[in-house]
$ cat run_33.txt   # compact mmCIF, C-alpha atoms
# COMPACT_ATOMS: atom_id res chain seq x y z
CA MET A 119 0.00 0.00 0.00
CA ALA A 120 1.57 3.22 -1.10
CA ALA A 121 0.80 6.78 -0.15
CA VAL A 122 2.20 10.28 -0.34
CA GLU A 123 3.08 12.48 2.57
CA ALA A 124 2.18 15.81 1.01
CA ALA A 125 -1.39 16.87 1.65
CA GLY A 126 -1.37 20.19 -0.16
CA PRO A 127 -2.81 20.92 -3.58
CA GLY A 128 0.58 21.28 -5.28
CA PRO A 129 2.53 18.50 -6.96
CA ALA A 130 4.22 15.98 -4.68
CA PRO A 131 6.78 13.26 -5.38
CA ALA A 132 5.33 9.98 -6.59
CA PRO A 133 4.69 7.54 -3.75
CA ASP A 134 7.59 5.12 -3.50
CA TYR A 135 7.27 3.26 -0.20
CA GLU A 136 5.44 0.26 1.22
CA ALA A 137 3.48 0.59 4.46
CA ALA A 138 5.26 -1.47 7.11
CA GLU A 139 2.49 -0.89 9.68
CA LEU A 140 -1.18 -1.78 9.70
CA TYR A 141 -1.99 1.49 7.97
CA THR A 142 -0.18 4.16 5.94
CA ARG A 143 0.73 7.73 6.75
CA VAL A 144 -1.88 10.42 6.09
CA PHE A 145 -2.08 11.50 2.45
CA ARG A 146 -4.37 13.58 0.26
CA VAL A 147 -6.29 11.32 -2.13
CA GLY A 148 -6.37 13.87 -4.95
CA ALA A 149 -2.60 14.48 -4.62
CA LEU A 150 -1.97 10.75 -5.03
CA GLY A 151 -3.88 10.74 -8.31
CA ARG A 152 -2.02 13.81 -9.61
CA CYS A 153 1.36 12.27 -8.78
CA TRP A 154 0.67 9.10 -10.68
CA ARG A 155 -0.89 10.88 -13.68
CA GLN A 156 2.33 12.92 -13.93
CA GLN A 157 4.50 9.79 -13.84
CA LEU A 158 2.48 7.62 -16.22
CA GLY A 159 2.06 8.16 -19.94
CA PRO A 160 -1.14 8.15 -22.02
CA PRO A 161 -0.82 4.42 -22.94
CA ASP A 162 -0.77 3.53 -19.23
CA LEU A 163 -3.86 5.63 -18.47
CA SER A 164 -5.83 4.72 -21.59
CA LEU A 165 -9.17 2.98 -21.06
CA ALA A 166 -9.56 2.01 -24.73
CA ALA A 167 -9.78 -1.68 -25.56
CA GLU A 168 -6.45 -3.29 -26.37
CA ALA A 169 -5.80 -2.66 -30.07
CA GLY A 170 -3.67 -4.61 -32.55
CA ALA A 171 -0.89 -2.04 -32.58
CA GLU A 172 -0.70 -2.09 -28.81
CA ALA A 173 -0.61 -5.90 -28.83
CA ALA A 174 2.28 -5.82 -31.29
CA GLU A 175 4.12 -3.34 -29.09
CA LEU A 176 3.61 -5.63 -26.09
CA GLY A 177 4.91 -8.55 -28.16
CA CYS A 178 8.12 -6.68 -28.98
CA ALA A 179 8.58 -5.73 -25.34
CA ALA A 180 8.08 -9.37 -24.29
CA ALA A 181 10.62 -10.55 -26.89
CA ALA A 182 13.19 -8.06 -25.64
CA GLU A 183 12.61 -9.04 -22.02
CA LEU A 184 12.81 -12.79 -22.74
CA GLY A 185 15.78 -12.41 -25.08
CA CYS A 186 14.13 -14.35 -27.90
CA ALA A 187 12.92 -13.69 -31.43
CA ALA A 188 9.68 -11.82 -32.00
CA GLU A 189 8.20 -14.94 -33.67
CA THR A 190 8.95 -17.03 -30.57
CA ALA A 191 7.37 -14.41 -28.29
CA ALA A 192 4.27 -14.29 -30.52
CA GLU A 193 4.01 -18.08 -30.39
CA LEU A 194 4.28 -18.05 -26.58
CA ARG A 195 1.63 -15.35 -26.43
CA ALA A 196 -0.72 -17.45 -28.55
CA VAL A 197 -0.09 -20.69 -26.62
CA CYS A 198 -0.61 -18.97 -23.26
CA SER A 199 -3.72 -17.03 -24.29
CA ILE A 200 -7.11 -17.51 -22.68
CA ASP A 201 -8.47 -18.97 -25.91
CA MET A 202 -6.25 -22.03 -25.47
CA LEU A 203 -8.15 -22.94 -22.30
CA MET A 204 -11.17 -23.84 -24.42
CA SER A 205 -11.56 -27.33 -25.88
CA SER A 206 -10.97 -27.54 -29.61
CA ASP A 207 -13.86 -29.98 -29.90
CA LYS A 208 -16.95 -27.79 -29.68
CA GLU A 209 -19.28 -30.79 -29.41
CA LYS A 210 -17.80 -32.18 -26.19
CA ASP A 211 -19.81 -31.56 -23.03
CA PRO A 212 -17.49 -29.84 -20.52
CA ASP A 213 -19.46 -31.38 -17.64
CA VAL A 214 -18.71 -34.95 -18.78
CA ILE A 215 -15.34 -36.34 -17.68
CA PRO A 216 -13.95 -38.83 -20.26
CA GLU A 217 -13.26 -42.39 -19.14
CA ASP A 218 -9.72 -42.52 -20.56
CA SER A 219 -8.50 -39.25 -19.06
CA SER A 220 -4.80 -39.27 -18.17
CA LEU A 221 -5.10 -36.29 -15.82
CA LEU A 222 -4.99 -37.26 -12.15
CA THR A 223 -7.08 -34.23 -11.15
CA LEU A 224 -9.91 -35.29 -13.46
CA ARG A 225 -9.86 -38.85 -12.13
CA ILE A 226 -10.05 -37.56 -8.54
CA ARG A 227 -12.87 -35.20 -9.45
CA LYS A 228 -14.80 -38.01 -11.12
CA LYS A 229 -14.58 -40.16 -7.99
CA ALA A 230 -15.68 -37.19 -5.84
CA LEU A 231 -18.71 -36.58 -8.08
CA GLN A 232 -19.66 -40.26 -7.89
CA ARG A 233 -19.49 -40.19 -4.09
CA ARG A 234 -21.57 -37.00 -4.08
CA GLU A 235 -24.31 -38.61 -6.18
CA GLU A 236 -24.48 -41.52 -3.75
CA THR A 237 -24.69 -39.42 -0.57
CA ILE A 238 -26.33 -36.09 -1.49
CA ILE A 239 -29.83 -35.42 -0.20
CA VAL A 240 -30.60 -32.00 -1.69
CA ASP A 241 -28.94 -31.06 -4.99
CA ARG A 242 -28.69 -27.30 -5.29
CA ALA A 243 -26.01 -24.70 -5.86
CA CYS A 244 -24.52 -22.94 -2.84
CA ARG A 245 -26.39 -19.66 -2.67
CA GLN A 246 -23.54 -17.86 -0.92
CA GLU A 247 -21.02 -18.84 -3.62
CA THR A 248 -23.46 -17.94 -6.39
CA LEU A 249 -24.13 -14.53 -4.83
CA ALA A 250 -20.41 -13.80 -4.39
CA TYR A 251 -19.60 -14.80 -7.97
CA GLU A 252 -22.43 -12.74 -9.46
CA MET A 253 -21.52 -9.64 -7.46
CA GLU A 254 -17.84 -9.81 -8.39
CA SER A 255 -18.36 -10.50 -12.09
CA HIS A 256 -21.52 -8.69 -13.19
CA ALA A 257 -19.82 -5.33 -13.83
CA ILE A 258 -16.29 -6.36 -14.89
CA GLY A 259 -15.35 -4.51 -18.09
CA LYS A 260 -18.85 -3.05 -18.43
CA ARG A 261 -18.97 0.08 -20.58
CA PRO A 262 -21.85 2.58 -20.68
CA ASP A 263 -24.26 2.85 -23.61
CA ASN A 264 -23.97 6.64 -23.42
CA PRO A 265 -20.34 7.83 -24.00
CA THR A 266 -20.90 10.75 -21.61
CA ASP A 267 -21.20 8.25 -18.74
CA LEU A 268 -17.73 6.80 -19.39
CA VAL A 269 -15.30 7.11 -16.49
CA GLU A 270 -12.46 9.52 -17.26
CA GLU A 271 -8.92 8.29 -17.82
CA GLY A 272 -6.73 8.61 -14.74
CA GLU A 273 -9.70 8.41 -12.36
CA LEU A 274 -8.94 7.06 -8.89
CA LEU A 275 -10.77 3.99 -7.59
CA LEU A 276 -11.10 3.44 -3.84
CA THR A 277 -12.05 0.15 -2.17
CA LEU A 278 -13.94 0.47 1.12
CA ASN A 279 -14.94 -2.16 3.66
CA ILE A 280 -18.05 -1.21 5.63
CA TYR A 281 -18.44 -3.22 8.82
CA TYR A 282 -21.45 -4.34 10.79
CA PRO A 283 -22.86 -1.85 13.31
CA VAL A 284 -21.13 -1.95 16.67
CA ILE A 285 -24.42 -3.06 18.27
CA PHE A 286 -24.13 -6.38 16.39
CA GLN A 287 -22.06 -8.19 19.02
CA LYS A 288 -21.61 -11.30 16.90
CA HIS A 289 -19.98 -9.56 13.93
CA LYS A 290 -18.62 -6.26 15.18
CA ASP A 291 -14.96 -7.28 15.41
CA HIS A 292 -14.12 -8.86 12.09
CA LYS A 293 -16.98 -8.94 9.62
CA PRO A 294 -17.14 -6.40 6.79
CA TYR A 295 -20.63 -6.84 5.44
CA GLN A 296 -20.18 -4.64 2.38
CA THR A 297 -17.22 -4.01 0.09
CA VAL A 298 -17.77 -1.01 -2.17
CA LEU A 299 -15.82 0.62 -5.01
CA VAL A 300 -16.12 4.41 -5.29
CA LEU A 301 -14.59 6.90 -7.71
CA GLY A 302 -12.34 9.65 -6.42
CA SER A 303 -14.55 12.29 -8.05
CA GLN A 304 -17.74 11.08 -6.34
CA ARG A 305 -19.22 12.98 -3.41
CA LEU A 306 -19.45 11.47 0.04
CA THR A 307 -23.23 11.69 -0.13
CA GLU A 308 -23.25 9.13 -2.95
CA LEU A 309 -21.56 6.59 -0.70
CA ARG A 310 -23.85 7.54 2.19
CA ASP A 311 -26.94 6.83 0.05
CA SER A 312 -25.57 3.49 -1.15
CA ILE A 313 -24.93 1.99 2.30
CA SER A 314 -27.61 -0.55 3.21
CA CYS A 315 -28.37 -1.01 6.89
CA VAL A 316 -31.30 -2.70 8.55
CA SER A 317 -31.53 0.22 11.00
CA ASP A 318 -32.78 2.45 8.16
CA LEU A 319 -35.73 0.11 7.55
CA GLN A 320 -37.02 -0.10 11.12
CA ILE A 321 -40.61 0.89 11.83
CA GLY A 322 -41.19 2.58 15.16
CA GLY A 323 -44.18 1.92 17.36
CA GLU A 324 -46.19 -0.86 19.01
CA PHE A 325 -48.94 -2.36 16.84
CA SER A 326 -50.60 -5.17 18.81
CA SER A 327 -53.96 -3.38 18.73
CA GLN A 328 -53.74 -2.14 15.13
CA THR A 329 -51.67 -4.56 13.04
CA ASP A 330 -53.33 -3.45 9.79
CA GLN A 331 -52.38 0.19 10.26
CA ALA A 332 -49.64 0.73 7.71
CA PRO A 333 -46.87 2.98 9.01
CA GLU A 334 -46.25 6.04 6.90
CA HIS A 335 -42.46 6.18 7.18
CA ILE A 336 -39.45 4.03 7.90
CA SER A 337 -36.57 5.28 10.02
CA LYS A 338 -34.53 6.43 7.02
CA ASP A 339 -37.34 8.81 6.03
CA LEU A 340 -37.65 10.26 9.53
CA TYR A 341 -34.03 10.47 10.67
CA LYS A 342 -31.88 11.60 7.74
CA SER A 343 -28.90 12.86 9.72
CA ALA A 344 -25.56 11.07 9.31
CA PHE A 345 -21.84 11.76 9.25
CA PHE A 346 -18.50 10.32 8.15
CA TYR A 347 -15.43 10.89 10.28
CA PHE A 348 -12.03 11.12 8.54
CA GLU A 349 -8.87 12.48 10.18
CA GLY A 350 -10.35 14.98 12.63
CA ILE A 351 -13.19 16.17 10.37
CA PHE A 352 -16.87 15.28 10.67
CA TYR A 353 -18.60 15.31 7.28
CA ASN A 354 -22.27 15.85 8.16
CA ASP A 355 -25.15 15.23 5.78
CA LYS A 356 -26.99 18.59 5.68
CA ARG A 357 -28.91 18.17 2.41
CA TYR A 358 -32.32 18.31 4.08
CA PRO A 359 -33.81 20.94 6.43
CA GLU A 360 -34.50 18.31 9.10
CA CYS A 361 -30.87 17.12 9.21
CA ARG A 362 -29.04 17.72 12.49
CA ASP A 363 -25.35 18.03 13.20
CA LEU A 364 -24.78 14.70 14.98
CA SER A 365 -21.14 15.55 15.60
CA ARG A 366 -21.87 18.69 17.66
CA THR A 367 -22.15 16.76 20.94
CA ILE A 368 -18.85 14.96 20.28
CA ILE A 369 -17.02 18.18 19.43
CA GLU A 370 -18.36 19.95 22.53
CA TRP A 371 -17.34 16.98 24.69
CA SER A 372 -13.85 17.00 23.16
CA GLU A 373 -13.39 20.73 23.71
CA SER A 374 -14.79 20.82 27.25
CA HIS A 375 -11.69 19.40 28.97
CA ASP A 376 -9.00 19.43 26.25
CA ARG A 377 -9.11 15.67 25.81
CA GLY A 378 -6.23 15.58 23.33
CA TYR A 379 -8.20 15.15 20.10
CA GLY A 380 -7.02 18.43 18.61
CA ASN A 381 -9.27 20.85 16.78
CA LEU A 382 -12.16 18.75 15.51
CA GLN A 383 -14.09 20.29 12.62
CA SER A 384 -17.57 19.90 11.18
CA VAL A 385 -18.29 20.45 7.47
CA LYS A 386 -21.04 19.56 4.99
CA MET A 387 -20.75 16.12 3.46
CA GLU A 388 -22.30 17.18 0.17
CA ASP A 389 -19.50 19.70 -0.48
CA TYR A 390 -16.68 17.13 -0.57
CA THR A 391 -15.51 14.40 -2.91
CA PHE A 392 -13.13 11.56 -2.04
CA ASN A 393 -10.35 13.41 -3.86
CA ASP A 394 -10.67 16.17 -1.23
CA LEU A 395 -10.06 13.81 1.69
CA SER A 396 -6.90 13.24 3.70
CA LEU A 397 -6.82 9.71 5.06
CA LYS A 398 -4.81 6.56 5.79
CA ILE A 399 -5.19 3.25 4.00
CA GLY A 400 -6.06 0.48 6.45
CA PHE A 401 -7.12 2.84 9.25
CA PRO A 402 -10.60 2.49 10.85
CA TYR A 403 -12.87 5.49 10.30
CA LEU A 404 -16.54 5.97 11.17
CA PHE A 405 -19.94 6.25 9.54
CA CYS A 406 -22.79 7.10 11.94
CA HIS A 407 -26.52 7.33 11.15
CA GLN A 408 -29.83 6.90 12.95
CA GLY A 409 -28.31 8.75 15.90
CA ASN A 410 -26.21 5.90 17.27
CA CYS A 411 -25.85 3.23 14.56
CA GLU A 412 -22.08 3.24 14.05
CA HIS A 413 -20.21 1.45 11.26
CA ILE A 414 -16.44 1.12 10.98
CA VAL A 415 -15.23 2.12 7.48
CA ILE A 416 -11.77 1.05 6.27
CA ILE A 417 -10.23 2.12 2.96
CA THR A 418 -8.25 -0.92 1.83
CA ASP A 419 -7.01 0.20 -1.59
CA VAL A 420 -6.56 3.33 -3.73
CA ARG A 421 -5.51 2.89 -7.35
CA LEU A 422 -6.01 4.20 -10.87
CA ILE A 423 -8.90 2.75 -12.82
CA HIS A 424 -8.09 0.16 -15.50
CA ARG A 425 -9.72 -0.73 -18.79
CA ASP A 426 -10.92 -4.04 -17.33
CA ASP A 427 -12.81 -2.30 -14.50
CA CYS A 428 -16.43 -1.24 -14.71
CA LEU A 429 -16.32 1.98 -16.74
CA ASP A 430 -19.96 3.02 -16.35
CA ARG A 431 -19.99 5.97 -13.95
CA ASN A 432 -23.68 5.42 -13.16
CA LEU A 433 -22.94 2.06 -11.51
CA TYR A 434 -20.70 3.60 -8.84
CA PRO A 435 -20.58 3.27 -5.86
CA LEU A 436 -20.30 -0.36 -6.94
CA LEU A 437 -21.11 -3.08 -4.43
CA ILE A 438 -18.75 -6.01 -5.13
CA LYS A 439 -19.07 -8.10 -1.98
CA LYS A 440 -21.72 -8.64 0.66
CA HIS A 441 -21.75 -10.90 3.69
CA TRP A 442 -24.46 -13.56 3.71
CA LEU A 443 -26.76 -13.61 6.75
CA CYS A 444 -29.08 -16.44 7.71
CA THR A 445 -32.65 -15.22 8.03
CA ARG A 446 -34.55 -15.64 11.29
CA LYS A 447 -37.43 -18.04 10.76
CA CYS A 448 -40.88 -18.01 12.35
CA PHE A 449 -40.95 -19.78 15.72
CA VAL A 450 -44.17 -21.63 14.80
CA CYS A 451 -43.85 -22.84 11.20
CA LYS A 452 -40.03 -22.74 10.98
CA MET A 453 -40.42 -21.96 7.27
CA TYR A 454 -41.02 -18.28 6.61
CA THR A 455 -38.97 -15.24 7.58
CA ALA A 456 -40.11 -13.50 10.75
CA ARG A 457 -42.16 -10.35 10.28
CA TRP A 458 -43.26 -9.68 13.88
CA VAL A 459 -41.54 -9.81 17.25
CA THR A 460 -43.50 -9.94 20.52
CA ASN A 461 -42.61 -9.07 24.11
CA LYS A 462 -44.43 -10.06 27.33
CA ASP A 463 -46.39 -12.53 25.22
CA SER A 464 -48.64 -14.83 27.27
CA LEU A 465 -49.05 -17.15 24.24
CA ALA A 466 -45.36 -17.52 23.40
CA PRO A 467 -42.75 -19.74 25.09
CA GLU A 468 -39.95 -17.17 24.60
CA ASP A 469 -39.44 -13.48 25.15
CA PRO A 470 -38.85 -12.03 22.63
CA CYS A 471 -40.52 -14.40 20.15
CA PHE A 472 -40.55 -14.10 16.35
CA PHE A 473 -43.44 -14.91 13.98
CA CYS A 474 -44.21 -14.75 10.29
CA ASP A 475 -47.29 -12.71 9.41
CA VAL A 476 -49.65 -15.70 8.98
CA CYS A 477 -48.69 -17.51 12.20
CA PHE A 478 -48.71 -14.24 14.16
CA ARG A 479 -52.30 -13.45 13.21
CA MET A 480 -53.58 -17.02 13.62
CA LEU A 481 -52.14 -17.31 17.14
CA HIS A 482 -52.86 -13.85 18.53
CA TYR A 483 -56.24 -12.85 17.00
CA ASP A 484 -59.64 -14.43 16.52
CA VAL A 485 -61.51 -14.60 13.20
CA GLU A 486 -62.87 -11.09 13.76
CA GLY A 487 -59.42 -9.65 14.42
CA ASN A 488 -59.82 -9.24 18.18
CA LYS A 489 -56.68 -9.49 20.29
CA LEU A 490 -56.21 -12.70 22.30
CA GLY A 491 -54.15 -12.55 25.47
CA GLU A 492 -51.67 -9.91 26.51
CA PHE A 493 -48.59 -9.07 24.43
CA LEU A 494 -46.69 -6.26 22.75
CA ALA A 495 -46.09 -6.56 19.00
CA TYR A 496 -43.50 -4.76 16.89
CA PRO A 497 -42.74 -5.02 13.17
CA TYR A 498 -39.49 -6.93 12.65
CA VAL A 499 -37.06 -6.27 9.79
CA ASP A 500 -34.74 -9.22 9.30
CA PRO A 501 -31.10 -8.42 8.41
CA GLY A 502 -31.19 -11.27 5.91
CA ILE A 503 -33.41 -9.27 3.57
CA PHE A 504 -30.24 -7.84 1.98
CA ASN A 505 -29.24 -11.31 0.80
$ encode --input "run_33.txt" --output "structure tokens"
Amino acid sequence: MAAVEAAGPGPAPAPDYEAAELYTRVFRVGALGRCWRQQLGPPDLSLAAEAGAEAAELGCAAAAELGCAAETAAELRAVCSIDMLMSSDKEKDPDVIPEDSSLLTLRIRKKALQRREETIIVDRACRQETLAYEMESHAIGKRPDNPTDLVEEGELLLTLNIYYPVIFQKHKDHKPYQTVLVLGSQRLTELRDSISCVSDLQIGGEFSSQTDQAPEHISKDLYKSAFFYFEGIFYNDKRYPECRDLSRTIIEWSESHDRGYGNLQSVKMEDYTFNDLSLKIGFPYLFCHQGNCEHIVIITDVRLIHRDDCLDRNLYPLLIKKHWLCTRKCFVCKMYTARWVTNKDSLAPEDPCFFCDVCFRMLHYDVEGNKLGEFLAYPYVDPGIFN
């Protein structure tokens, strides 16, 4: 992980060191991009598809590096190409392993598949693996239909891990539940709007006496305030009149007894892009919303965009990885995802107890909809809905 020390707007020397610690020194993101754009030439920054002339130039460079003739380098390039991984016989089924295969790996795989057919009970693809593959591959090399939406050459690409809220005791220490790619020219508000959290979907209130009364708003509609914290600066979301400065209490607490945090500042999130930030790669920062729902945010990589990346600006921030959560099932039927949670429930063996909508109504209300027994009922939003 490389970084630059200079944080000012002027040119700085190109980063030339590896981070020996868990995180780098503080650097200005935009300055890093300028340094590398000054050092690299147009062919290195180009996002155009690899052309024939460029391929020939690469072939000559490979021949010079290997110390062989250009014809030999071209032959090696052809033999080692991706196309050679495909079978020459188009009619062969790639899922059928031939009987006379001389490859030990294929013979082992065939025996494993035979054992699987004898012992498997349910034959289905692993949903977690399918989800991970689809998320990582669906946008690779994707180009926009409208040329104006094409990412500019020399654009910086940041990789961010967003962790579970601190209130999630099971996952708070080591589980990033979202990995997101953002462009250096994107505003912080674009990342803020792309973060999915079950806290934003909560519905406030107790509804045991009026289960059919549809709530008008979810928490995200009512409590729009949020902030990012990077290197002594709170970036508050102030786009809406009802937004509050959530960092004000923290700043006042810090200044009250000179607690050693320096001069903390508060600015508007919507006025800043990632290129304007000063930060450390690998260092834990903070995203806070809903008043006290706190997520650790770690920037794990900053690099220039490549022609094989997703080049459609409209798809960023791009979610490339998401942790899979098991859904909480109904206590009664054990089949459907819970929609209600009850407390002080005289009809339930546990407190709290979770029910799907059908089982909840059948157990707690008569045919006319009258409440049976004493209990408190709250709408439940399962974290597994983001699967």
$ axis_aligned_box --input "run_33.txt" --around "segment 142-148 of chain A" --padding-each-side "6 Å" --output "AutoDock Vina command-line options"
--center_x -2.8 --center_y 9.0 --center_z 0.9 --size_x 19.1 --size_y 21.7 --size_z 23.7
$ residues_around --input "run_33.txt" --residues "segment 443-449 of chain A" --least-positions-apart "5" --cutoff "9 Å" --atoms "all atoms listed in the file" --output "list in words"
Tyr454, Thr455, Ala456, Arg457, Trp458, Cys471, Phe472, Phe473, Cys474, Asp475, Cys477, Phe478, Asp500, Pro501, Gly502, Ile503, Phe504 and Asn505 of chain A
$ residues_around --input "run_33.txt" --residues "Asn354 of chain A" --least-positions-apart "2" --cutoff "12 Å" --atoms "only C-alpha atoms" --output "compact mmCIF listing (two decimals) with C-alpha atoms, keeping the file's coordinate frame"
# COMPACT_ATOMS: atom_id res chain seq x y z
CA LEU A 306 -19.45 11.47 0.04
CA THR A 307 -23.23 11.69 -0.13
CA ARG A 310 -23.85 7.54 2.19
CA LYS A 342 -31.88 11.60 7.74
CA SER A 343 -28.90 12.86 9.72
CA ALA A 344 -25.56 11.07 9.31
CA PHE A 345 -21.84 11.76 9.25
CA PHE A 346 -18.50 10.32 8.15
CA TYR A 347 -15.43 10.89 10.28
CA PHE A 348 -12.03 11.12 8.54
CA ILE A 351 -13.19 16.17 10.37
CA PHE A 352 -16.87 15.28 10.67
CA LYS A 356 -26.99 18.59 5.68
CA ARG A 357 -28.91 18.17 2.41
CA TYR A 358 -32.32 18.31 4.08
CA CYS A 361 -30.87 17.12 9.21
CA ARG A 362 -29.04 17.72 12.49
CA ASP A 363 -25.35 18.03 13.20
CA LEU A 364 -24.78 14.70 14.98
CA SER A 365 -21.14 15.55 15.60
CA ARG A 366 -21.87 18.69 17.66
CA GLN A 383 -14.09 20.29 12.62
CA SER A 384 -17.57 19.90 11.18
CA VAL A 385 -18.29 20.45 7.47
CA LYS A 386 -21.04 19.56 4.99
CA MET A 387 -20.75 16.12 3.46
CA GLU A 388 -22.30 17.18 0.17
CA ASP A 389 -19.50 19.70 -0.48
CA TYR A 390 -16.68 17.13 -0.57
CA LEU A 404 -16.54 5.97 11.17
CA PHE A 405 -19.94 6.25 9.54
CA CYS A 406 -22.79 7.10 11.94
CA HIS A 407 -26.52 7.33 11.15
$ atom_distance --input "run_33.txt" --atom1 "atom CA of Glu193 of chain A" --atom2 "atom CA of Ser219 of chain A"
27.1 Å
$ closest_residue --input "run_33.txt" --among "A:Val499, A:Ile368, A:Val298, A:Leu429" --to "Gly272 of chain A" --atoms "only C-alpha atoms"
A:Leu429
$ atom_distance --input "run_33.txt" --atom1 "atom CA of Leu163 of chain A" --atom2 "atom CA of Ala138 of chain A"
28.1 Å
$ closest_residue --input "run_33.txt" --among "A:Asp419, A:Glu373, A:Asp339, A:Glu189" --to "Asn279 of chain A" --atoms "all atoms listed in the file"
A:Asp419
$ closest_residue --input "run_33.txt" --among "A:Gln408, A:Thr223, A:Gln304, A:Gln320" --to "Asn432 of chain A" --atoms "all atoms listed in the file"
A:Gln304
$ closest_residue --input "run_33.txt" --among "A:Val459, A:Val420, A:Ala495, A:Leu299" --to "Lys439 of chain A" --atoms "all atoms listed in the file"
A:Leu299
$ atom_distance --input "run_33.txt" --atom1 "atom CA of Gln331 of chain A" --atom2 "atom CA of Thr460 of chain A"
16.9 Å
$ closest_residue --input "run_33.txt" --among "A:Glu217, A:Glu236, A:Asp267, A:Asp484" --to "Tyr434 of chain A" --atoms "all atoms listed in the file"
A:Asp267
$ residues_around --input "run_33.txt" --residues "Glu270 of chain A" --least-positions-apart "2" --cutoff "10 Å" --atoms "all atoms listed in the file" --output "mmCIF file with C-alpha atoms, in the frame of the given file"
data_model
loop_
_atom_site.group_PDB
_atom_site.id
_atom_site.type_symbol
_atom_site.label_atom_id
_atom_site.label_comp_id
_atom_site.auth_asym_id
_atom_site.auth_seq_id
_atom_site.Cartn_x
_atom_site.Cartn_y
_atom_site.Cartn_z
ATOM 1 C CA LEU A 163 -3.860 5.630 -18.470
ATOM 2 C CA SER A 164 -5.830 4.720 -21.590
ATOM 3 C CA LEU A 165 -9.170 2.980 -21.060
ATOM 4 C CA THR A 266 -20.900 10.750 -21.610
ATOM 5 C CA ASP A 267 -21.200 8.250 -18.740
ATOM 6 C CA LEU A 268 -17.730 6.800 -19.390
ATOM 7 C CA GLY A 272 -6.730 8.610 -14.740
ATOM 8 C CA GLU A 273 -9.700 8.410 -12.360
ATOM 9 C CA LEU A 274 -8.940 7.060 -8.890
ATOM 10 C CA SER A 303 -14.550 12.290 -8.050
ATOM 11 C CA ILE A 423 -8.900 2.750 -12.820
ATOM 12 C CA LEU A 429 -16.320 1.980 -16.740
ATOM 13 C CA ASP A 430 -19.960 3.020 -16.350
ATOM 14 C CA ARG A 431 -19.990 5.970 -13.950
#
$ residues_around --input "run_33.txt" --residues "Gln328 of chain A" --least-positions-apart "3" --cutoff "10 Å" --atoms "only C-alpha atoms" --output "list in words"
Glu324, Phe325, Gln331, Ala332, Gly487, Asn488, Lys489 and Ala495 of chain A
$ closest_residue --input "run_33.txt" --among "A:Arg233, A:Arg227, A:Lys452, A:Lys338" --to "Gly322 of chain A" --atoms "all atoms listed in the file"
A:Lys338
